[in-house]
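Next comes data-v9.pdb, with PDB, C-alpha atoms.
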ATOM      1  CA  MET A   1      26.202   7.786  20.657
ATOM      2  CA  TYR A   2      24.258   4.894  19.182
ATOM      3  CA  THR A   3      26.643   2.452  20.858
ATOM      4  CA  ASP A   4      25.566   3.645  24.295
ATOM      5  CA  ILE A   5      21.801   3.182  23.858
ATOM      6  CA  ARG A   6      20.230   0.627  26.194
ATOM      7  CA  LEU A   7      17.847  -1.507  24.181
ATOM      8  CA  GLU A   8      14.781  -2.940  25.910
ATOM      9  CA  LYS A   9      11.422  -4.202  24.697
ATOM     10  CA  GLY A  10       9.643  -1.332  26.444
ATOM     11  CA  LEU A  11      10.611   0.804  23.422
ATOM     12  CA  TYR A  12       7.867  -1.028  21.513
ATOM     13  CA  SER A  13       5.195  -0.035  24.029
ATOM     14  CA  ILE A  14       5.415   3.774  23.996
ATOM     15  CA  THR A  15       1.999   5.131  23.038
ATOM     16  CA  GLY A  16       1.934   7.005  19.756
ATOM     17  CA  LYS A  17       5.474   6.058  18.750
ATOM     18  CA  THR A  18       6.975   3.325  16.654
ATOM     19  CA  PHE A  19      10.059   1.491  17.853
ATOM     20  CA  THR A  20      12.256   3.530  15.514
ATOM     21  CA  GLN A  21      10.689   6.824  16.618
ATOM     22  CA  ALA A  22      11.271   5.935  20.266
ATOM     23  CA  LEU A  23      14.834   4.942  19.427
ATOM     24  CA  ALA A  24      15.415   8.171  17.486
ATOM     25  CA  GLU A  25      14.525  10.242  20.553
ATOM     26  CA  LEU A  26      17.405   8.569  22.370
ATOM     27  CA  ASP A  27      19.668   8.699  19.326
ATOM     28  CA  PRO A  28      18.689  11.640  17.049
ATOM     29  CA  ASP A  29      19.552  11.461  13.340
ATOM     30  CA  SER A  30      20.807  15.059  13.481
ATOM     31  CA  ALA A  31      23.842  13.961  15.513
ATOM     32  CA  TYR A  32      25.218  12.141  12.466
ATOM     33  CA  GLU A  33      24.778  14.875   9.856
ATOM     34  CA  ASN A  34      28.464  15.117   8.923
ATOM     35  CA  THR A  35      29.537  11.542   9.612
ATOM     36  CA  GLU A  36      29.736   8.309   7.643
ATOM     37  CA  LEU A  37      26.506   7.232   9.368
ATOM     38  CA  LYS A  38      24.483   9.978   7.681
ATOM     39  CA  GLY A  39      21.547   8.383   5.864
ATOM     40  CA  LEU A  40      21.058   5.594   8.399
ATOM     41  CA  ASP A  41      18.084   5.804  10.739
ATOM     42  CA  ALA A  42      18.210   4.907  14.435
ATOM     43  CA  PHE A  43      17.328   1.251  13.813
ATOM     44  CA  GLU A  44      19.912   0.844  11.054
ATOM     45  CA  ARG A  45      22.578   2.302  13.319
ATOM     46  CA  GLN A  46      21.763  -0.385  15.879
ATOM     47  CA  LEU A  47      22.187  -3.056  13.220
ATOM     48  CA  LYS A  48      25.626  -1.593  12.550
ATOM     49  CA  ARG A  49      26.372  -1.534  16.276
ATOM     50  CA  PHE A  50      25.794  -5.271  16.562
ATOM     51  CA  ASP A  51      27.281  -5.948  13.110
ATOM     52  CA  ILE A  52      24.082  -7.541  11.798
ATOM     53  CA  LYS A  53      23.972  -7.669   8.009
ATOM     54  CA  VAL A  54      20.429  -8.256   6.734
ATOM     55  CA  LYS A  55      21.060  -8.066   2.975
ATOM     56  CA  GLY A  56      23.413  -9.547   0.415
ATOM     57  CA  ALA A  57      24.986 -12.907  -0.221
ATOM     58  CA  ASN A  58      26.991 -12.607   2.992
ATOM     59  CA  SER A  59      24.057 -11.625   5.173
ATOM     60  CA  ASP A  60      24.066 -13.003   8.690
ATOM     61  CA  ARG A  61      21.939 -15.843   9.976
ATOM     62  CA  VAL A  62      18.771 -15.262  11.978
ATOM     63  CA  GLU A  63      20.504 -16.380  15.176
ATOM     64  CA  LYS A  64      22.826 -13.339  14.996
ATOM     65  CA  PHE A  65      19.995 -11.249  16.476
ATOM     66  CA  PHE A  66      19.938 -13.476  19.558
ATOM     67  CA  LEU A  67      23.582 -13.342  20.571
ATOM     68  CA  SER A  68      22.647 -10.871  23.322
ATOM     69  CA  THR A  69      19.495  -9.755  25.094
ATOM     70  CA  GLU A  70      19.860  -6.263  23.611
ATOM     71  CA  SER A  71      20.342  -7.296  19.995
ATOM     72  CA  ALA A  72      17.310  -9.605  20.341
ATOM     73  CA  VAL A  73      15.190  -6.480  20.867
ATOM     74  CA  LEU A  74      15.934  -5.492  17.256
ATOM     75  CA  PHE A  75      14.435  -8.648  15.753
ATOM     76  CA  PRO A  76      10.729  -7.618  15.805
ATOM     77  CA  GLU A  77      11.551  -4.352  13.994
ATOM     78  CA  TYR A  78      13.532  -6.261  11.370
ATOM     79  CA  VAL A  79      10.529  -8.553  10.873
ATOM     80  CA  ARG A  80       8.099  -5.638  10.711
ATOM     81  CA  ARG A  81      10.183  -3.761   8.147
ATOM     82  CA  ALA A  82      10.537  -6.803   5.904
ATOM     83  CA  ILE A  83       6.790  -7.487   6.036
ATOM     84  CA  LYS A  84       5.996  -3.834   5.340
ATOM     85  CA  ALA A  85       8.402  -3.784   2.412
ATOM     86  CA  GLY A  86       6.539  -6.724   0.877
ATOM     87  CA  LEU A  87       3.208  -5.041   1.552
ATOM     88  CA  ASN A  88       4.329  -1.798  -0.086
ATOM     89  CA  GLU A  89       5.777  -3.547  -3.135
ATOM     90  CA  SER A  90       2.502  -5.379  -3.835
ATOM     91  CA  SER A  91       0.154  -2.538  -2.893
ATOM     92  CA  ILE A  92      -1.671  -0.521  -5.554
ATOM     93  CA  LEU A  93      -2.474   2.315  -3.128
ATOM     94  CA  SER A  94       0.378   4.589  -4.199
ATOM     95  CA  ARG A  95      -1.137   4.646  -7.713
ATOM     96  CA  VAL A  96      -4.771   4.825  -6.614
ATOM     97  CA  ALA A  97      -5.232   6.801  -3.389
ATOM     98  CA  ALA A  98      -5.314  10.607  -3.521
ATOM     99  CA  ALA A  99      -4.921  10.865   0.266
ATOM    100  CA  THR A 100      -3.712   8.612   3.051
ATOM    101  CA  THR A 101      -4.740   9.343   6.625
ATOM    102  CA  THR A 102      -4.767   7.629  10.007
ATOM    103  CA  ALA A 103      -7.672   6.991  12.365
ATOM    104  CA  ASP A 104      -7.746   6.296  16.083
ATOM    105  CA  GLY A 105     -10.731   3.940  16.087
ATOM    106  CA  MET A 106     -12.057   1.008  14.109
ATOM    107  CA  ASP A 107     -14.320   3.136  11.916
ATOM    108  CA  PHE A 108     -14.294   6.543  10.252
ATOM    109  CA  ARG A 109     -16.493   8.978   8.392
ATOM    110  CA  GLY A 110     -14.855  10.165   5.208
ATOM    111  CA  LEU A 111     -15.599  13.309   3.209
ATOM    112  CA  THR A 112     -17.712  13.540   0.073
ATOM    113  CA  VAL A 113     -17.127  16.294  -2.492
ATOM    114  CA  THR A 114     -19.992  17.271  -4.812
ATOM    115  CA  PRO A 115     -19.588  20.108  -7.338
ATOM    116  CA  ASP A 116     -22.727  21.956  -8.488
ATOM    117  CA  GLY A 117     -23.241  23.720 -11.801
ATOM    118  CA  GLU A 118     -21.853  23.018 -15.245
ATOM    119  CA  SER A 119     -19.570  26.049 -15.463
ATOM    120  CA  ASP A 120     -17.574  28.350 -13.195
ATOM    121  CA  SER A 121     -18.346  31.330 -15.402
ATOM    122  CA  VAL A 122     -20.383  33.874 -13.401
ATOM    123  CA  GLU A 123     -22.272  36.858 -14.691
ATOM    124  CA  GLN A 124     -22.171  40.148 -12.816
ATOM    125  CA  ALA A 125     -24.182  39.823  -9.577
ATOM    126  CA  GLY A 126     -24.890  36.204 -10.453
ATOM    127  CA  GLU A 127     -24.824  33.335  -7.961
ATOM    128  CA  LEU A 128     -21.575  31.474  -7.539
ATOM    129  CA  PRO A 129     -21.530  27.744  -8.308
ATOM    130  CA  VAL A 130     -20.976  25.709  -5.157
ATOM    131  CA  THR A 131     -18.794  22.716  -4.362
ATOM    132  CA  THR A 132     -20.225  21.002  -1.299
ATOM    133  CA  VAL A 133     -18.069  19.084   1.148
ATOM    134  CA  ARG A 134     -19.860  16.918   3.707
ATOM    135  CA  LEU A 135     -19.103  14.086   6.039
ATOM    136  CA  ALA A 136     -20.217  10.776   4.591
ATOM    137  CA  SER A 137     -23.677   9.832   5.796
ATOM    138  CA  ASN A 138     -22.495   6.522   7.222
ATOM    139  CA  ALA A 139     -19.371   5.517   9.082
ATOM    140  CA  THR A 140     -17.145   2.984   7.348
ATOM    141  CA  ALA A 141     -15.682   0.170   9.391
ATOM    142  CA  LEU A 142     -11.953  -0.393   9.082
ATOM    143  CA  THR A 143     -10.921  -3.941   8.247
ATOM    144  CA  LYS A 144      -8.145  -5.838   9.981
ATOM    145  CA  PHE A 145      -5.945  -7.953   7.733
ATOM    146  CA  ALA A 146      -3.659 -10.417   9.463
ATOM    147  CA  ARG A 147      -1.545 -13.453   8.754
ATOM    148  CA  LYS A 148       0.539 -15.785  10.885
ATOM    149  CA  LEU A 149       3.754 -17.518   9.905
ATOM    150  CA  SER A 150       4.240 -20.744  11.823
ATOM    151  CA  CYS A 151       7.917 -21.510  12.342
ATOM    152  CA  SER A 152      10.065 -22.827  15.170
ATOM    153  CA  TYR A 153      13.239 -21.028  16.147
ATOM    154  CA  GLU A 154      15.159 -24.205  15.379
ATOM    155  CA  SER A 155      13.918 -24.135  11.776
ATOM    156  CA  ILE A 156      14.919 -20.532  11.075
ATOM    157  CA  ARG A 157      17.944 -19.849  13.288
ATOM    158  CA  LYS A 158      20.480 -20.977  10.638
ATOM    159  CA  GLN A 159      18.724 -19.283   7.713
ATOM    160  CA  ARG A 160      20.377 -16.316   6.052
ATOM    161  CA  LEU A 161      18.547 -13.056   6.746
ATOM    162  CA  GLU A 162      18.451 -12.278   3.014
ATOM    163  CA  ALA A 163      16.456 -15.473   2.344
ATOM    164  CA  PHE A 164      14.324 -15.168   5.469
ATOM    165  CA  GLY A 165      13.492 -11.617   4.441
ATOM    166  CA  VAL A 166      12.010 -12.946   1.205
ATOM    167  CA  ILE A 167       9.625 -15.129   3.207
ATOM    168  CA  LEU A 168       8.606 -12.160   5.339
ATOM    169  CA  LYS A 169       8.082  -9.991   2.263
ATOM    170  CA  ASN A 170       5.810 -12.650   0.809
ATOM    171  CA  LEU A 171       3.827 -12.510   4.044
ATOM    172  CA  GLY A 172       3.334  -8.787   3.556
ATOM    173  CA  ALA A 173       2.511  -9.231  -0.124
ATOM    174  CA  ALA A 174      -0.272 -11.697   0.717
ATOM    175  CA  ILE A 175      -1.860  -9.110   3.004
ATOM    176  CA  ALA A 176      -1.412  -6.345   0.412
ATOM    177  CA  ARG A 177      -3.302  -8.311  -2.238
ATOM    178  CA  ASP A 178      -6.346  -8.592   0.028
ATOM    179  CA  VAL A 179      -6.095  -4.882   0.858
ATOM    180  CA  ASN A 180      -6.033  -4.163  -2.887
ATOM    181  CA  GLY A 181      -9.202  -6.186  -3.316
ATOM    182  CA  LEU A 182     -10.982  -4.285  -0.553
ATOM    183  CA  CYS A 183      -9.919  -0.956  -2.050
ATOM    184  CA  VAL A 184     -11.263  -1.693  -5.529
ATOM    185  CA  SER A 185     -14.480  -3.353  -4.345
ATOM    186  CA  THR A 186     -15.215  -0.444  -1.976
ATOM    187  CA  ILE A 187     -14.738   2.345  -4.492
ATOM    188  CA  SER A 188     -16.553   0.545  -7.325
ATOM    189  CA  ALA A 189     -19.604  -0.404  -5.232
ATOM    190  CA  GLY A 190     -22.853   1.194  -6.346
ATOM    191  CA  ILE A 191     -21.530   2.375  -9.726
ATOM    192  CA  THR A 192     -23.464   1.213 -12.800
ATOM    193  CA  PRO A 193     -20.909  -0.260 -15.227
ATOM    194  CA  SER A 194     -20.673   0.773 -18.849
ATOM    195  CA  THR A 195     -20.430  -2.126 -21.309
ATOM    196  CA  ILE A 196     -18.171  -3.222 -24.128
ATOM    197  CA  SER A 197     -19.456  -3.276 -27.698
ATOM    198  CA  GLY A 198     -18.730  -6.911 -28.577
ATOM    199  CA  ASP A 199     -17.648 -10.234 -27.123
ATOM    200  CA  SER A 200     -14.221  -8.982 -26.011
ATOM    201  CA  ILE A 201     -12.693  -5.658 -25.138
ATOM    202  CA  THR A 202     -11.469  -3.461 -28.012
ATOM    203  CA  TYR A 203      -9.374  -0.330 -28.242
ATOM    204  CA  ALA A 204     -12.546   1.612 -29.047
ATOM    205  CA  ASP A 205     -14.043   0.327 -25.778
ATOM    206  CA  LEU A 206     -10.995   1.617 -23.887
ATOM    207  CA  ALA A 207     -11.242   5.015 -25.565
ATOM    208  CA  ALA A 208     -14.961   5.284 -24.805
ATOM    209  CA  PHE A 209     -14.342   4.256 -21.189
ATOM    210  CA  TRP A 210     -11.610   6.878 -20.846
ATOM    211  CA  SER A 211     -13.857   9.619 -22.242
ATOM    212  CA  SER A 212     -16.740   8.642 -19.935
ATOM    213  CA  MET A 213     -14.971  10.299 -17.015
ATOM    214  CA  GLU A 214     -15.771  13.684 -18.583
ATOM    215  CA  GLN A 215     -14.240  16.501 -16.479
ATOM    216  CA  PHE A 216     -12.000  14.122 -14.525
ATOM    217  CA  ASN A 217      -8.783  12.600 -15.827
ATOM    218  CA  MET A 218      -8.637   8.806 -15.794
ATOM    219  CA  THR A 219      -5.057   8.170 -14.650
ATOM    220  CA  THR A 220      -5.340   4.526 -13.622
ATOM    221  CA  MET A 221      -7.308   1.471 -14.690
ATOM    222  CA  VAL A 222      -7.407  -1.602 -12.455
ATOM    223  CA  CYS A 223      -8.339  -4.884 -14.114
ATOM    224  CA  LYS A 224      -8.055  -8.649 -13.859
ATOM    225  CA  PRO A 225      -4.974 -10.358 -15.342
ATOM    226  CA  GLU A 226      -6.997 -11.864 -18.194
ATOM    227  CA  THR A 227      -8.466  -8.467 -19.055
ATOM    228  CA  MET A 228      -5.046  -6.870 -18.964
ATOM    229  CA  ALA A 229      -3.755  -9.611 -21.287
ATOM    230  CA  GLN A 230      -6.521  -8.826 -23.784
ATOM    231  CA  ILE A 231      -5.634  -5.139 -23.692
ATOM    232  CA  LEU A 232      -1.907  -5.774 -24.112
ATOM    233  CA  ALA A 233      -2.667  -7.972 -27.137
ATOM    234  CA  LEU A 234      -4.487  -5.152 -28.947
ATOM    235  CA  GLU A 235      -2.715  -3.911 -32.055
ATOM    236  CA  GLU A 236      -2.875  -0.322 -30.812
ATOM    237  CA  MET A 237      -0.895  -1.263 -27.684
ATOM    238  CA  ARG A 238       2.160  -2.623 -29.506
ATOM    239  CA  TYR A 239       4.181   0.565 -28.944
ATOM    240  CA  CYS A 240       3.211   0.822 -25.286
ATOM    241  CA  VAL A 241       4.252  -2.595 -24.025
ATOM    242  CA  SER A 242       7.929  -1.631 -24.313
ATOM    243  CA  ASP A 243       7.341   0.897 -21.507
ATOM    244  CA  TYR A 244       7.175  -2.046 -19.125
ATOM    245  CA  MET A 245      10.838  -2.795 -19.820
ATOM    246  CA  THR A 246      11.934   0.588 -18.478
ATOM    247  CA  SER A 247       9.366   1.531 -15.841
ATOM    248  CA  GLY A 248       7.572  -1.687 -14.906
ATOM    249  CA  MET A 249       4.300   0.064 -15.771
ATOM    250  CA  VAL A 250       2.183  -0.144 -18.912
ATOM    251  CA  LYS A 251       0.202   2.860 -20.095
ATOM    252  CA  THR A 252      -2.329   3.200 -22.865
ATOM    253  CA  PRO A 253      -1.477   5.682 -25.657
ATOM    254  CA  TYR A 254      -3.545   8.319 -23.847
ATOM    255  CA  GLY A 255      -1.701   7.919 -20.553
ATOM    256  CA  VAL A 256      -3.815   5.572 -18.417
ATOM    257  CA  THR A 257      -1.673   3.284 -16.247
ATOM    258  CA  LEU A 258      -2.870  -0.337 -16.297
ATOM    259  CA  ILE A 259      -2.719  -2.198 -12.979
ATOM    260  CA  LYS A 260      -3.256  -5.936 -12.635
ATOM    261  CA  CYS A 261      -5.449  -6.959  -9.695
ATOM    262  CA  PRO A 262      -6.383 -10.675  -9.449
ATOM    263  CA  GLU A 263      -8.542  -9.890  -6.403
ATOM    264  CA  LEU A 264     -11.262  -8.231  -8.495
ATOM    265  CA  GLU A 265     -14.341 -10.355  -7.875
ATOM    266  CA  ASP A 266     -16.341  -9.437 -10.982
ATOM    267  CA  ASP A 267     -15.452  -9.133 -14.670
ATOM    268  CA  ILE A 268     -14.907  -5.402 -14.491
ATOM    269  CA  ALA A 269     -12.243  -2.775 -14.994
ATOM    270  CA  VAL A 270     -12.175   0.208 -12.643
ATOM    271  CA  GLY A 271     -11.064   3.599 -13.948
ATOM    272  CA  ILE A 272      -9.773   6.069 -11.361
ATOM    273  CA  ASP A 273      -8.655   9.673 -11.229
ATOM    274  CA  SER A 274      -5.924   9.125  -8.664
ATOM    275  CA  SER A 275      -5.699  12.833  -7.861
ATOM    276  CA  CYS A 276      -9.114  13.066  -6.205
ATOM    277  CA  ALA A 277     -11.012   9.770  -6.126
ATOM    278  CA  VAL A 278     -10.002   7.705  -3.104
ATOM    279  CA  GLU A 279      -8.986   8.163   0.514
ATOM    280  CA  ALA A 280      -7.102   5.358   2.253
ATOM    281  CA  VAL A 281      -7.505   5.353   6.034
ATOM    282  CA  PHE A 282      -5.162   3.335   8.230
ATOM    283  CA  GLY A 283      -6.137   2.372  11.747
ATOM    284  CA  SER A 284      -2.633   1.037  12.314
ATOM    285  CA  ASP A 285       0.728   0.600  10.663
ATOM    286  CA  VAL A 286       2.023  -2.942  10.188
ATOM    287  CA  ILE A 287       2.034  -4.519  13.654
ATOM    288  CA  VAL A 288       3.933  -7.603  14.816
ATOM    289  CA  ASP A 289       3.798  -9.374  18.165
ATOM    290  CA  PHE A 290       7.111  -8.067  19.507
ATOM    291  CA  ASP A 291       6.957  -9.884  22.857
ATOM    292  CA  LYS A 292       6.981 -13.381  21.351
ATOM    293  CA  LEU A 293       9.601 -12.488  18.755
ATOM    294  CA  ILE A 294      12.117 -11.346  21.329
ATOM    295  CA  SER A 295      12.079 -14.840  22.840
ATOM    296  CA  THR A 296      14.467 -17.194  21.067
ATOM    297  CA  GLN A 297      11.828 -19.902  21.298
ATOM    298  CA  CYS A 298       9.212 -18.080  19.203
ATOM    299  CA  SER A 299       6.907 -20.504  17.397
ATOM    300  CA  GLU A 300       5.029 -18.046  15.182
ATOM    301  CA  ILE A 301       5.201 -14.618  13.589
ATOM    302  CA  ALA A 302       1.873 -12.769  13.590
ATOM    303  CA  CYS A 303       1.378  -9.499  11.722
ATOM    304  CA  SER A 304      -1.591  -7.279  10.965
ATOM    305  CA  VAL A 305      -2.689  -3.970   9.474
ATOM    306  CA  ILE A 306      -6.006  -2.114   9.800
ATOM    307  CA  VAL A 307      -7.287  -0.138   6.799
ATOM    308  CA  GLY A 308     -10.409   1.155   5.061
ATOM    309  CA  PHE A 309     -11.343   3.247   2.012
ATOM    310  CA  SER A 310     -13.813   5.887   0.924
ATOM    311  CA  LYS A 311     -14.683   7.657  -2.324
ATOM    312  CA  LEU A 312     -13.923  11.370  -2.119
ATOM    313  CA  THR A 313     -15.348  12.789  -5.331
ATOM    314  CA  ASP A 314     -18.425  11.778  -7.310
ATOM    315  CA  GLY A 315     -17.570  10.884 -10.890
ATOM    316  CA  ALA A 316     -13.870  10.258 -10.273
ATOM    317  CA  VAL A 317     -14.385   6.477 -10.387
ATOM    318  CA  LYS A 318     -15.915   4.631 -13.350
ATOM    319  CA  VAL A 319     -16.584   0.940 -13.945
ATOM    320  CA  LEU A 320     -16.487  -1.028 -17.221
ATOM    321  CA  SER A 321     -18.008  -4.495 -17.570
ATOM    322  CA  THR A 322     -15.418  -6.516 -19.496
ATOM    323  CA  SER A 323     -17.657  -9.493 -20.330
ATOM    324  CA  ALA A 324     -20.265  -9.607 -23.087
ATOM    325  CA  GLU A 325     -23.879  -9.011 -22.073
TER     326      GLU A 325
END

As a first step, turn the structure in this file into structure tokens.
Amino acid sequence: MYTDIRLEKGLYSITGKTFTQALAELDPDSAYENTELKGLDAFERQLKRFDIKVKGANSDRVEKFFLSTESAVLFPEYVRRAIKAGLNESSILSRVAAATTTADGMDFRGLTVTPDGESDSVEQAGELPVTTVRLASNATALTKFARKLSCSYESIRKQRLEAFGVILKNLGAAIARDVNGLCVSTISAGITPSTISGDSITYADLAAFWSSMEQFNMTTMVCKPETMAQILALEEMRYCVSDYMTSGMVKTPYGVTLIKCPELEDDIAVGIDSSCAVEAVFGSDVIVDFDKLISTQCSEIACSVIVGFSKLTDGAVKVLSTSAE
């Protein structure tokens, strides 16, 4: 039973396993299939064991984690999950990356896919068109993104976990925005931008940009906030803006999802076929310094994630210059 598990910080140090995975080996989810605890993972069952409420108006205070040496072991995982939730909420990767993989080192060599021939139609005894898959010629270094929250235990111990979780989510969101910037700058590098026809972007420019992807399907367009505002103000978009009220996403009339990305360095919009364009490679999940956090006298919360990106398919990413020549 989950109430009999002995919690110790060594559960964070098992190679190849997260804290929750290590905990689940001691307390398998399958044991709760037909109980009221079905749907809770091993970590959430431990929160229930120590009656720690992390959400809602009546959430507990931070100090509730430190009422015993065992419950204190849960605090780093709570912090990590809150930071990761903020990172995921602000990340564009779920709408951009066709594949997400993990790497053991600090660099990787992605794949490149290059189709040959204009048609797959083959005459009798004719040569078959070839799609070539190769390792990228150069290894890509993964980038570490990290941030530290400076706070004394005395300053946070009486804070409600609901409110403290918001601070941690913002920490993750700050990291996610920089990851977004790296993603877009990496996949747009080396691509010659097409240009708009006048001084500001028009609906005709959007249509021409969409059609420039030819055999690929532009599913997503990433742009700066000011560019997105110009697009939303176009007369042709008046029936699309209401979509935001129901889904939180805005699409053009031909189905391209618009994504705001303040981290874009240049005045460009990046069109992406999210089914085949980009591979996201993670060298680590979100990591926090568990040893310091278990101490009730922690003075800082440090977190990091390691990630990199590569283009998978030629032609599945296009770039539009959104400023006049």

inquiry  = What does the structure give for the distance between CA of Met1 in chain A and CA of Val73 in chain A, in Å to one decimal?
reply    = 18.0 Å

message = Which residues are near range 45-60 of chain A? Cut-off 10 Å, only C-alpha atoms, ignore same chain within fewer than 5 positions. Put them as a list in words.
response = Met1, Tyr2, Thr3, Asp4, Ile5, Leu7, Leu23, Asp27, Asp29, Leu37, Lys38, Gly39, Leu40, Phe65, Leu67, Ser68, Glu70, Ser71, Leu74, Phe75, Tyr78, Lys158, Gln159, Arg160, Leu161, Glu162, Ala163, Phe164 and Gly165 of chain A

task = I would like the residues chosen by the PyMOL selection byres ((chain A and resi 258) around 12) on the shown file; could you give them as a PyMOL selection string?
result = chain A and resi 92+95-96+206+218-225+227-232+237+240-241+243-244+248-257+259-261+269-272

query = Taking the file as shown, what set of residues would the PyMOL selection byres ((chain A and resi 296-312) around 7) give back, as a PyMOL selection string?
reply = chain A and resi 66+110-113+141-153+183+186-187+276-289+292-295+313-314

task = For CA of Asn170 in chain A and CA of Val62 in chain A, quote the distance in Å rounded to one decimal.
result =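 Pair CA of Asn170 in chain A / CA of Val62 in chain A returns 17.3 Å.
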
ask   = In Å, with one decimal, what is the gap from CA of Phe108 in chain A to CA of Ala174 in chain A?
value = 24.9 Å

inquiry  = Set the distance at 8 Å and use all atoms listed in the file: which residues neighbour range 192-203 of chain A once local chain neighbours fewer than 2 positions away are removed? I'd like the list as a PyMOL selection string.
reply    = chain A and resi 190+205-207+209+227+230-231+234+236+268+318-325

If I wrap all listed atoms of range 48-66 of chain A in a box with edges along x, y and z and add 6 Å on each side, what are its centre and edge lengths in Å to one decimal, as AutoDock Vina command-line options?
--center_x 23.0 --center_y -9.0 --center_z 9.7 --size_x 20.5 --size_y 26.8 --size_z 31.8

message = At a cut-off of 6 Å, using all atoms listed in the file, what residues contact Leu264 in chain A? Leave out same-chain residues fewer than 2 positions from it and give the result as a list in words.
response = Gly181, Pro262 and Asp266 of chain A

Could you list the residues chosen by the PyMOL selection byres ((chain A and resi 116) around 12) in this structure as a compact mmCIF listing (two decimals) with C-alpha atoms, in the frame of the given file?
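So the final result, stored in selection.txt, reads:
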# COMPACT_ATOMS: atom_id res chain seq x y z
CA VAL A 113 -17.13 16.29 -2.49
CA THR A 114 -19.99 17.27 -4.81
CA PRO A 115 -19.59 20.11 -7.34
CA GLY A 117 -23.24 23.72 -11.80
CA GLU A 118 -21.85 23.02 -15.24
CA SER A 119 -19.57 26.05 -15.46
CA ASP A 120 -17.57 28.35 -13.20
CA GLU A 127 -24.82 33.34 -7.96
CA LEU A 128 -21.58 31.47 -7.54
CA PRO A 129 -21.53 27.74 -8.31
CA VAL A 130 -20.98 25.71 -5.16
CA THR A 131 -18.79 22.72 -4.36
CA THR A 132 -20.23 21.00 -1.30
CA VAL A 133 -18.07 19.08 1.15
CA ASP A 314 -18.42 11.78 -7.31

Would you give me, as a Markdown table, each residue of range 171-252 of chain A having an atom within 8 Å of an atom of range 83-87 of chain A, along with its shortest atom pair and that distance in Å to one decimal, using only C-alpha atoms and sorting by chain and residue number?
| residue | atom | partner | partner_atom | distance |
| --- | --- | --- | --- | --- |
| A:Leu171 | CA | A:Ile83 | CA | 6.2 |
| A:Gly172 | CA | A:Leu87 | CA | 4.3 |
| A:Ala173 | CA | A:Leu87 | CA | 4.6 |
| A:Ala174 | CA | A:Leu87 | CA | 7.6 |
| A:Ile175 | CA | A:Leu87 | CA | 6.7 |
| A:Ala176 | CA | A:Leu87 | CA | 4.9 |

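In this comparison, which uses all atoms listed in the file, the residue of A:Ser155, A:Ser90, A:Gln21, A:Asn138 approaching Arg61 in chain A most closely is A:Ser155.
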
Selected range 127-150 of chain A, written as an mmCIF file, in the first residue's frame, C-alpha atoms:
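Saved as out_1.cif:
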data_model
loop_
_atom_site.group_PDB
_atom_site.id
_atom_site.type_symbol
_atom_site.label_atom_id
_atom_site.label_comp_id
_atom_site.auth_asym_id
_atom_site.auth_seq_id
_atom_site.Cartn_x
_atom_site.Cartn_y
_atom_site.Cartn_z
ATOM 1 C CA GLU A 127 13.307 3.668 -62.328
ATOM 2 C CA LEU A 128 11.589 4.326 -59.040
ATOM 3 C CA PRO A 129 11.798 7.836 -57.575
ATOM 4 C CA VAL A 130 13.866 7.867 -54.398
ATOM 5 C CA THR A 131 13.396 9.521 -51.023
ATOM 6 C CA THR A 132 16.789 9.752 -49.348
ATOM 7 C CA VAL A 133 17.204 9.690 -45.588
ATOM 8 C CA ARG A 134 20.620 10.629 -44.207
ATOM 9 C CA LEU A 135 22.163 11.692 -40.963
ATOM 10 C CA ALA A 136 22.687 15.434 -40.851
ATOM 11 C CA SER A 137 26.186 16.376 -41.941
ATOM 12 C CA ASN A 138 26.921 18.200 -38.697
ATOM 13 C CA ALA A 139 26.065 17.451 -35.101
ATOM 14 C CA THR A 140 23.814 19.963 -33.369
ATOM 15 C CA ALA A 141 24.649 21.002 -29.840
ATOM 16 C CA LEU A 142 21.843 20.827 -27.308
ATOM 17 C CA THR A 143 21.254 24.005 -25.331
ATOM 18 C CA LYS A 144 20.747 24.144 -21.584
ATOM 19 C CA PHE A 145 18.094 26.565 -20.373
ATOM 20 C CA ALA A 146 18.055 27.289 -16.663
ATOM 21 C CA ARG A 147 16.658 29.740 -14.167
ATOM 22 C CA LYS A 148 17.003 30.197 -10.426
ATOM 23 C CA LEU A 149 14.365 31.450 -8.023
ATOM 24 C CA SER A 150 15.913 33.108 -4.995
#
